[in-house]
Every structure is written in C-alpha cells, then in structure tokens.
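Shown next: structure_3.txt, given as compact mmCIF, C-alpha atoms.
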# COMPACT_ATOMS: atom_id res chain seq x y z
CA MET A 1 8.51 34.46 51.29
CA SER A 2 10.89 37.40 50.91
CA SER A 3 10.85 39.44 47.72
CA PRO A 4 13.73 38.91 45.26
CA THR A 5 16.82 41.11 45.36
CA LYS A 6 16.70 43.59 42.48
CA ILE A 7 20.03 43.82 40.67
CA LEU A 8 21.46 46.50 38.40
CA VAL A 9 23.67 44.93 35.71
CA THR A 10 26.25 47.34 34.29
CA GLY A 11 27.92 46.54 30.99
CA CYS A 12 24.68 44.78 30.09
CA ASN A 13 25.52 44.52 26.37
CA GLY A 14 28.86 42.84 26.99
CA ARG A 15 29.45 39.10 27.10
CA MET A 16 29.60 38.92 30.90
CA GLY A 17 26.62 41.23 31.34
CA GLN A 18 24.57 39.03 29.05
CA SER A 19 25.66 35.92 30.98
CA VAL A 20 24.64 37.47 34.31
CA ILE A 21 21.20 38.34 32.92
CA ALA A 22 20.71 34.84 31.46
CA CYS A 23 21.85 33.04 34.62
CA SER A 24 19.61 35.17 36.85
CA GLU A 25 16.42 34.08 35.07
CA PRO A 26 15.97 30.67 36.78
CA ASP A 27 16.97 32.08 40.21
CA GLY A 28 13.83 33.09 42.07
CA SER A 29 15.77 35.10 44.66
CA ILE A 30 17.24 37.46 42.04
CA GLU A 31 15.48 39.89 39.71
CA ILE A 32 17.09 42.17 37.13
CA GLY A 33 15.79 45.56 38.21
CA ALA A 34 17.71 47.56 35.62
CA ARG A 35 20.51 47.26 33.12
CA ILE A 36 22.81 49.91 31.66
CA ASP A 37 25.64 50.33 29.18
CA ILE A 38 27.57 53.26 27.75
CA GLY A 39 25.41 56.39 27.59
CA ASP A 40 22.71 55.24 30.03
CA CYS A 41 21.98 57.08 33.29
CA LEU A 42 23.56 55.25 36.21
CA GLU A 43 21.71 57.07 39.00
CA THR A 44 18.25 56.51 37.50
CA ALA A 45 18.89 52.78 37.10
CA LEU A 46 20.54 52.43 40.53
CA ASP A 47 17.52 54.00 42.22
CA LYS A 48 15.41 51.04 41.04
CA CYS A 49 17.72 48.37 42.48
CA ASP A 50 19.03 46.91 45.74
CA ALA A 51 22.55 46.05 44.57
CA VAL A 52 24.89 46.12 41.55
CA ILE A 53 26.82 43.54 39.55
CA ASP A 54 29.46 45.33 37.49
CA PHE A 55 31.20 43.77 34.50
CA SER A 56 31.87 46.94 32.54
CA PHE A 57 35.26 48.68 32.33
CA HIS A 58 37.71 49.71 35.03
CA ALA A 59 37.50 53.43 34.14
CA PHE A 60 33.80 53.35 35.08
CA THR A 61 34.60 52.18 38.62
CA THR A 62 35.04 55.62 40.20
CA GLN A 63 31.65 56.81 38.95
CA LEU A 64 30.00 53.55 40.01
CA VAL A 65 31.28 53.33 43.58
CA THR A 66 30.71 57.05 44.12
CA ALA A 67 27.05 56.63 43.14
CA CYS A 68 26.72 53.46 45.24
CA LEU A 69 28.19 55.31 48.21
CA THR A 70 25.75 58.22 47.81
CA MET A 71 22.74 55.92 47.42
CA GLU A 72 23.96 53.30 49.94
CA LYS A 73 23.90 50.36 47.51
CA PRO A 74 26.23 47.33 47.82
CA ALA A 75 28.10 46.21 44.72
CA VAL A 76 29.90 43.24 43.21
CA ILE A 77 32.82 44.43 41.06
CA GLY A 78 34.01 42.05 38.36
CA THR A 79 36.13 44.42 36.28
CA THR A 80 39.94 44.17 36.34
CA GLY A 81 42.87 46.34 35.31
CA HIS A 82 42.17 49.16 37.79
CA SER A 83 44.68 51.95 38.31
CA GLU A 84 46.02 52.70 41.77
CA GLN A 85 43.75 55.73 42.00
CA GLU A 86 40.71 53.62 41.09
CA LEU A 87 41.67 51.02 43.68
CA GLN A 88 41.99 53.72 46.33
CA THR A 89 38.47 54.95 45.48
CA ILE A 90 37.14 51.41 45.87
CA LYS A 91 38.87 50.92 49.23
CA ALA A 92 37.66 54.28 50.52
CA SER A 93 34.07 53.50 49.50
CA ALA A 94 34.24 50.09 51.21
CA SER A 95 34.58 51.84 54.56
CA LYS A 96 30.94 52.94 54.15
CA ILE A 97 29.28 50.27 52.00
CA PRO A 98 29.87 46.52 51.47
CA LEU A 99 31.70 45.63 48.25
CA VAL A 100 32.80 42.29 46.81
CA MET A 101 35.68 42.58 44.38
CA SER A 102 37.45 39.62 42.79
CA PRO A 103 39.65 39.06 39.74
CA ASN A 104 37.58 35.94 39.04
CA PHE A 105 34.14 34.87 40.30
CA SER A 106 34.40 31.23 39.24
CA ILE A 107 34.00 28.83 42.16
CA GLY A 108 36.67 26.59 40.63
CA VAL A 109 39.18 29.41 40.18
CA ASN A 110 38.72 30.47 43.78
CA MET A 111 39.45 26.89 44.79
CA LEU A 112 42.61 27.26 42.66
CA PHE A 113 43.56 30.37 44.64
CA TRP A 114 43.10 28.44 47.89
CA LEU A 115 44.98 25.37 46.61
CA THR A 116 47.85 27.55 45.36
CA ARG A 117 48.26 29.07 48.80
CA LYS A 118 48.17 25.67 50.51
CA THR A 119 50.38 23.90 47.95
CA THR A 120 53.05 26.58 48.12
CA ALA A 121 53.17 26.31 51.91
CA ILE A 122 53.36 22.49 51.82
CA LEU A 123 56.02 22.22 49.10
CA GLY A 124 58.24 24.89 50.62
CA ASP A 125 61.54 25.92 49.01
CA GLY A 126 63.21 24.19 46.08
CA TYR A 127 60.51 24.68 43.42
CA ASP A 128 60.60 27.04 40.48
CA LEU A 129 57.30 28.91 40.19
CA GLU A 130 55.63 29.64 36.86
CA VAL A 131 52.14 30.86 35.91
CA VAL A 132 50.71 30.29 32.42
CA GLU A 133 47.39 31.71 31.22
CA MET A 134 45.49 31.75 27.94
CA HIS A 135 42.47 33.81 26.88
CA HIS A 136 40.57 34.71 23.71
CA ARG A 137 42.17 36.97 21.16
CA MET A 138 39.96 39.96 22.10
CA LYS A 139 41.17 40.25 25.72
CA GLN A 140 42.87 43.60 26.27
CA ASP A 141 44.80 43.30 29.54
CA SER A 142 47.80 41.06 30.15
CA PRO A 143 48.44 39.19 32.31
CA SER A 144 44.86 38.41 33.24
CA GLY A 145 43.63 39.61 36.62
CA THR A 146 43.41 35.96 37.69
CA ALA A 147 47.01 35.21 36.68
CA LYS A 148 48.20 38.35 38.45
CA HIS A 149 46.39 37.28 41.62
CA LEU A 150 47.95 33.81 41.40
CA GLY A 151 51.34 35.51 41.14
CA GLU A 152 50.53 37.65 44.16
CA ILE A 153 49.59 34.55 46.17
CA LEU A 154 52.88 32.87 45.20
CA ALA A 155 54.85 35.99 46.09
CA GLU A 156 53.17 36.38 49.47
CA ALA A 157 53.65 32.71 50.36
CA THR A 158 57.35 32.72 49.45
CA GLY A 159 58.45 36.14 50.66
CA LEU A 160 58.94 37.47 47.13
CA SER A 161 57.68 40.73 45.65
CA TYR A 162 55.16 40.41 42.82
CA LYS A 163 56.23 43.79 41.47
CA ASP A 164 59.98 43.20 41.61
CA ASP A 165 60.35 39.42 41.25
CA THR A 166 57.87 38.59 38.47
CA ARG A 167 59.40 37.92 35.04
CA HIS A 168 56.90 38.46 32.24
CA GLY A 169 58.05 36.09 29.51
CA ARG A 170 61.64 35.49 28.41
CA GLN A 171 63.43 36.50 25.24
CA GLY A 172 67.05 36.35 24.12
CA ILE A 173 70.04 35.33 26.19
CA VAL A 174 68.51 35.92 29.62
CA GLY A 175 70.82 33.61 31.56
CA THR A 176 69.83 30.78 33.86
CA ARG A 177 66.67 31.01 35.90
CA THR A 178 67.17 32.63 39.29
CA GLU A 179 65.75 31.19 42.49
CA ARG A 180 63.94 34.42 43.30
CA GLU A 181 61.54 34.86 40.41
CA ILE A 182 57.99 34.00 39.38
CA GLY A 183 57.56 33.36 35.67
CA MET A 184 54.41 34.86 34.13
CA HIS A 185 53.32 33.91 30.62
CA SER A 186 50.25 35.07 28.67
CA MET A 187 48.84 33.48 25.52
CA ARG A 188 46.04 34.88 23.37
CA GLY A 189 44.04 33.17 20.64
CA GLY A 190 40.68 32.02 19.37
CA ASP A 191 37.73 32.01 21.73
CA VAL A 192 39.37 30.59 24.86
CA ILE A 193 37.29 31.62 27.89
CA GLY A 194 40.16 31.31 30.36
CA ASP A 195 42.86 28.74 31.21
CA HIS A 196 45.21 29.13 34.17
CA THR A 197 48.03 26.86 35.34
CA VAL A 198 50.40 27.22 38.29
CA ILE A 199 53.58 25.17 37.85
CA TYR A 200 55.93 24.02 40.63
CA ALA A 201 59.07 22.56 39.01
CA SER A 202 61.99 20.96 40.83
CA SER A 203 64.71 18.41 40.05
CA GLY A 204 62.86 15.13 39.60
CA GLU A 205 59.21 16.23 39.65
CA ARG A 206 56.69 18.82 38.60
CA VAL A 207 53.35 19.73 40.20
CA GLU A 208 50.73 21.56 38.14
CA LEU A 209 47.44 23.10 39.31
CA THR A 210 45.12 23.89 36.40
CA HIS A 211 41.69 25.39 35.91
CA LYS A 212 39.97 25.68 32.53
CA ALA A 213 36.72 27.57 32.02
CA SER A 214 34.46 26.43 29.19
CA SER A 215 31.56 28.84 29.79
CA ARG A 216 31.21 32.41 31.03
CA ASN A 217 28.23 31.20 33.03
CA THR A 218 30.60 29.94 35.70
CA PHE A 219 31.68 33.55 36.35
CA ALA A 220 28.11 34.86 36.17
CA ASN A 221 26.80 32.28 38.64
CA GLY A 222 29.63 33.12 41.02
CA ALA A 223 28.78 36.83 40.82
CA LEU A 224 25.12 36.07 41.55
CA ARG A 225 26.18 33.98 44.54
CA ALA A 226 28.33 36.89 45.71
CA VAL A 227 25.55 39.49 45.44
CA LYS A 228 23.19 37.28 47.45
CA TRP A 229 25.88 36.76 50.10
CA LEU A 230 26.52 40.52 50.22
CA THR A 231 22.97 41.33 51.33
CA ASN A 232 22.93 42.75 54.88
CA LYS A 233 26.73 42.55 55.23
CA THR A 234 28.55 45.29 57.14
CA PRO A 235 30.70 47.75 55.16
CA GLY A 236 34.00 46.32 53.96
CA LEU A 237 35.95 45.15 50.94
CA TYR A 238 35.32 41.42 50.49
CA ASP A 239 36.31 38.88 47.83
CA MET A 240 35.18 35.43 46.74
CA GLN A 241 37.32 33.77 49.40
CA ASP A 242 35.02 35.44 51.94
CA VAL A 243 31.89 34.48 49.98
CA LEU A 244 32.94 30.81 49.83
CA GLY A 245 34.22 30.61 53.42
CA LEU A 246 37.79 29.88 52.29
CA ARG A 247 39.42 32.59 54.35
CA ASP A 248 41.73 31.06 56.96
Structure re-expressed in structure tokens:
Amino acid sequence: MSSPTKILVTGCNGRMGQSVIACSEPDGSIEIGARIDIGDCLETALDKCDAVIDFSFHAFTTQLVTACLTMEKPAVIGTTGHSEQELQTIKASASKIPLVMSPNFSIGVNMLFWLTRKTTAILGDGYDLEVVEMHHRMKQDSPSGTAKHLGEILAEATGLSYKDDTRHGRQGIVGTRTEREIGMHSMRGGDVIGDHTVIYASSGERVELTHKASSRNTFANGALRAVKWLTNKTPGLYDMQDVLGLRD
C-alpha cells in the first residue's frame, strides 16, 4: 500500500481551507502535512509536503508558484481574481511543474461548464445570452470567477469577445438589447454559497442551466480529487475539465 500524499493547505484559517482539512480526514490517500496562513513560513511548510492546495488570496499566487517551482512541488490553485501579471507567472511556472487551476472545483459546476459549451453549440444563433450569479454578502470580487468563466465559454462558442461584448448589469435608458452581447448580473446577500444560472432566451422559449451549491465541501472534495489526479502528471496548466475527462 502506497503512503498517503502529504498536502500543504494555504489559507488554512479561511472557510475553504477549513473545508479542505475537514474533507481530507476520511480520505486515506491524503494527509495534511502542513497548513499555513498569513505570517507563516511558506518554504518551511512546503518542504514537508508533496503538493499544495491553495485557497488563500490572489496576491499570494506569485510567491506560492515561485516557491513551488524552486522546490518542484505541484499545486492546485483555487483562488480567483488574479491580475494579468499574476496569471503570466502561473503560466510560466506551469512550463516546469504541473498546476491545476480552476475558477470552481465543484464537480457539478464543471458539468455546467461542459453543458454550457454543448448547449450553446446545439442551440446556435437566435438566443439572447445572460448569466446570473449570487453569493454571500462577504464575497469581494464581482462577477464571480465561475460566472466570468461561463461568460468566456459563451463568448468563445458564439464568436463574441468577453471583454468587449459583456454588459455588466443595466441601468437607465440603455436602449433595446443588442444581438451581440452577454448579460452578466451579480447578486450578493446572506450566506449563499454560490448560485449560477446561464439563460438562453428567444421568442417563444427560454432554456436555463442552473447550479446551486449548498456546502463548501463540494469545492473541497473537488480540490482533493484534483490534487490526487495531479500526482505524477507532466508539467502543464490543467483545469477541472482535464481532471474529470471532459476535455473534447
């Protein structure tokens, strides 16, 4: 029997870090080798572990992947809201070490990504595209990384530009809806873990794809699945579509 994979959990005092630690306990193939939060020494903790699961803060990413690159440790990155410079650091590091990065590690949400791609291709033209998301009142970034990725999937599948053709909410006399836009709407309130809906609206019918998360454990279990999948992988930047075999 092989020894368990020792994991470093960053952001260990946060809600997602705590969920990863709790969900790892019944999994005999995973062991929490170290855990860190603000002020702890990354290199000392990383030296004790085989891989990293990161649910900290995007500004920490550069330090994390640089250390992982130096010490040749694979990592699962669950933070969102990265700057272009941070993303470039991640991509450069992935040429030397394997990394899994995803805006959402839920198995169900990744099925939503796949279904959105397929549904958009099947429905074709003639549908107005809208994305609606809701999260708890403490969430700082908007739209969510998951909603942004859904918008990117819609844009890619329809020949639109996420940057130029996404309309974030509507206010005032904005005129009639254009054919070349993706509506993006963010709601915040209470303790909502994460709701996402993709809407296809045409004259006579409406198709809606929805995922609602009721526990952070769904994200934690997905991250644990990803870190186990990442073991012995060649260098590269992967996501949950790769982990789940949904890449086509």
Would you list the residues near (41.0, 30.3, 52.5) (no more than 12 Å away, in the coordinates of the file, using only C-alpha atoms) as a PyMOL selection string? chain A and resi 110-118+153+239-248
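Nearest to A:Phe57 of all the residues A:Leu123, A:Met16, A:Cys41, A:Ala75 is A:Met16, counting all atoms listed in the file.
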Write out as a CSV table (one decimal) with C-alpha atoms, keeping the file's coordinate frame each polymer residue whose atoms come within 10 Å of stretch 59-69 of chain A, counting all atoms listed in the file; drop sequence neighbours fewer than 5 positions from it.
chain,number,residue,atom,x,y,z
A,10,THR,CA,26.2,47.3,34.3
A,11,GLY,CA,27.9,46.5,31.0
A,38,ILE,CA,27.6,53.3,27.8
A,42,LEU,CA,23.6,55.2,36.2
A,43,GLU,CA,21.7,57.1,39.0
A,46,LEU,CA,20.5,52.4,40.5
A,47,ASP,CA,17.5,54.0,42.2
A,51,ALA,CA,22.6,46.0,44.6
A,52,VAL,CA,24.9,46.1,41.6
A,54,ASP,CA,29.5,45.3,37.5
A,74,PRO,CA,26.2,47.3,47.8
A,75,ALA,CA,28.1,46.2,44.7
A,77,ILE,CA,32.8,44.4,41.1
A,79,THR,CA,36.1,44.4,36.3
A,80,THR,CA,39.9,44.2,36.3
A,81,GLY,CA,42.9,46.3,35.3
A,82,HIS,CA,42.2,49.2,37.8
A,83,SER,CA,44.7,52.0,38.3
A,85,GLN,CA,43.8,55.7,42.0
A,86,GLU,CA,40.7,53.6,41.1
A,87,LEU,CA,41.7,51.0,43.7
A,88,GLN,CA,42.0,53.7,46.3
A,89,THR,CA,38.5,55.0,45.5
A,90,ILE,CA,37.1,51.4,45.9
A,91,LYS,CA,38.9,50.9,49.2
A,92,ALA,CA,37.7,54.3,50.5
A,93,SER,CA,34.1,53.5,49.5
A,94,ALA,CA,34.2,50.1,51.2
A,95,SER,CA,34.6,51.8,54.6
A,96,LYS,CA,30.9,52.9,54.2
A,97,ILE,CA,29.3,50.3,52.0
A,98,PRO,CA,29.9,46.5,51.5
A,99,LEU,CA,31.7,45.6,48.2
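One finds atom CA of A:Arg167 at 21.1 Å from atom CA of A:Thr119.
Among A:Met71, A:Val132, A:Ala45, A:Ala201, the residue with the shortest atom-to-atom distance to A:Leu150, counting all atoms listed in the file, is A:Val132.
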So which one's closest to A:Met187, A:Gln140, A:Ser19, A:Ser29, A:Thr210? Using all atoms listed in the file, please. A:Gln140
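In this model, the gap between atom CA of A:Gly126 and atom CA of A:Val174 comes to 20.9 Å.
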Between A:Asn13, A:Ser3, A:Ser24, A:Thr166, smallest distance to A:Leu154 by all atoms listed in the file belongs to A:Thr166
Please rebuild stretch 28-45 of chain A with N, CA and C atoms and give the result as a CSV table (one decimal), in the coordinates of the input.
chain,number,residue,atom,x,y,z
A,28,GLY,N,15.0,32.4,41.5
A,28,GLY,CA,13.8,33.1,42.1
A,28,GLY,C,14.2,34.1,43.1
A,29,SER,N,15.4,34.1,43.6
A,29,SER,CA,15.8,35.1,44.7
A,29,SER,C,16.4,36.3,44.1
A,30,ILE,N,16.6,36.3,42.7
A,30,ILE,CA,17.2,37.5,42.0
A,30,ILE,C,16.3,38.0,40.9
A,31,GLU,N,16.2,39.3,40.8
A,31,GLU,CA,15.5,39.9,39.7
A,31,GLU,C,16.3,41.0,39.1
A,32,ILE,N,16.4,41.1,37.8
A,32,ILE,CA,17.1,42.2,37.1
A,32,ILE,C,16.2,43.4,37.2
A,33,GLY,N,16.6,44.3,38.0
A,33,GLY,CA,15.8,45.6,38.2
A,33,GLY,C,16.1,46.6,37.2
A,34,ALA,N,17.3,46.6,36.7
A,34,ALA,CA,17.7,47.6,35.6
A,34,ALA,C,19.0,47.1,35.0
A,35,ARG,N,19.3,47.6,33.8
A,35,ARG,CA,20.5,47.3,33.1
A,35,ARG,C,21.0,48.5,32.4
A,36,ILE,N,22.3,48.7,32.4
A,36,ILE,CA,22.8,49.9,31.7
A,36,ILE,C,24.1,49.6,30.9
A,37,ASP,N,24.4,50.4,29.9
A,37,ASP,CA,25.6,50.3,29.2
A,37,ASP,C,26.1,51.8,28.9
A,38,ILE,N,27.0,51.9,28.0
A,38,ILE,CA,27.6,53.3,27.8
A,38,ILE,C,26.5,54.2,27.3
A,39,GLY,N,26.4,55.4,28.0
A,39,GLY,CA,25.4,56.4,27.6
A,39,GLY,C,24.1,56.4,28.4
A,40,ASP,N,23.9,55.3,29.2
A,40,ASP,CA,22.7,55.2,30.0
A,40,ASP,C,22.9,55.9,31.4
A,41,CYS,N,21.9,56.4,32.0
A,41,CYS,CA,22.0,57.1,33.3
A,41,CYS,C,22.1,56.1,34.4
A,42,LEU,N,23.3,56.2,35.1
A,42,LEU,CA,23.6,55.2,36.2
A,42,LEU,C,22.6,55.5,37.4
A,43,GLU,N,22.5,56.8,37.8
A,43,GLU,CA,21.7,57.1,39.0
A,43,GLU,C,20.2,56.7,38.9
A,44,THR,N,19.7,56.9,37.7
A,44,THR,CA,18.2,56.5,37.5
A,44,THR,C,18.1,55.0,37.6
A,45,ALA,N,19.0,54.2,37.0
A,45,ALA,CA,18.9,52.8,37.1
A,45,ALA,C,19.2,52.3,38.5
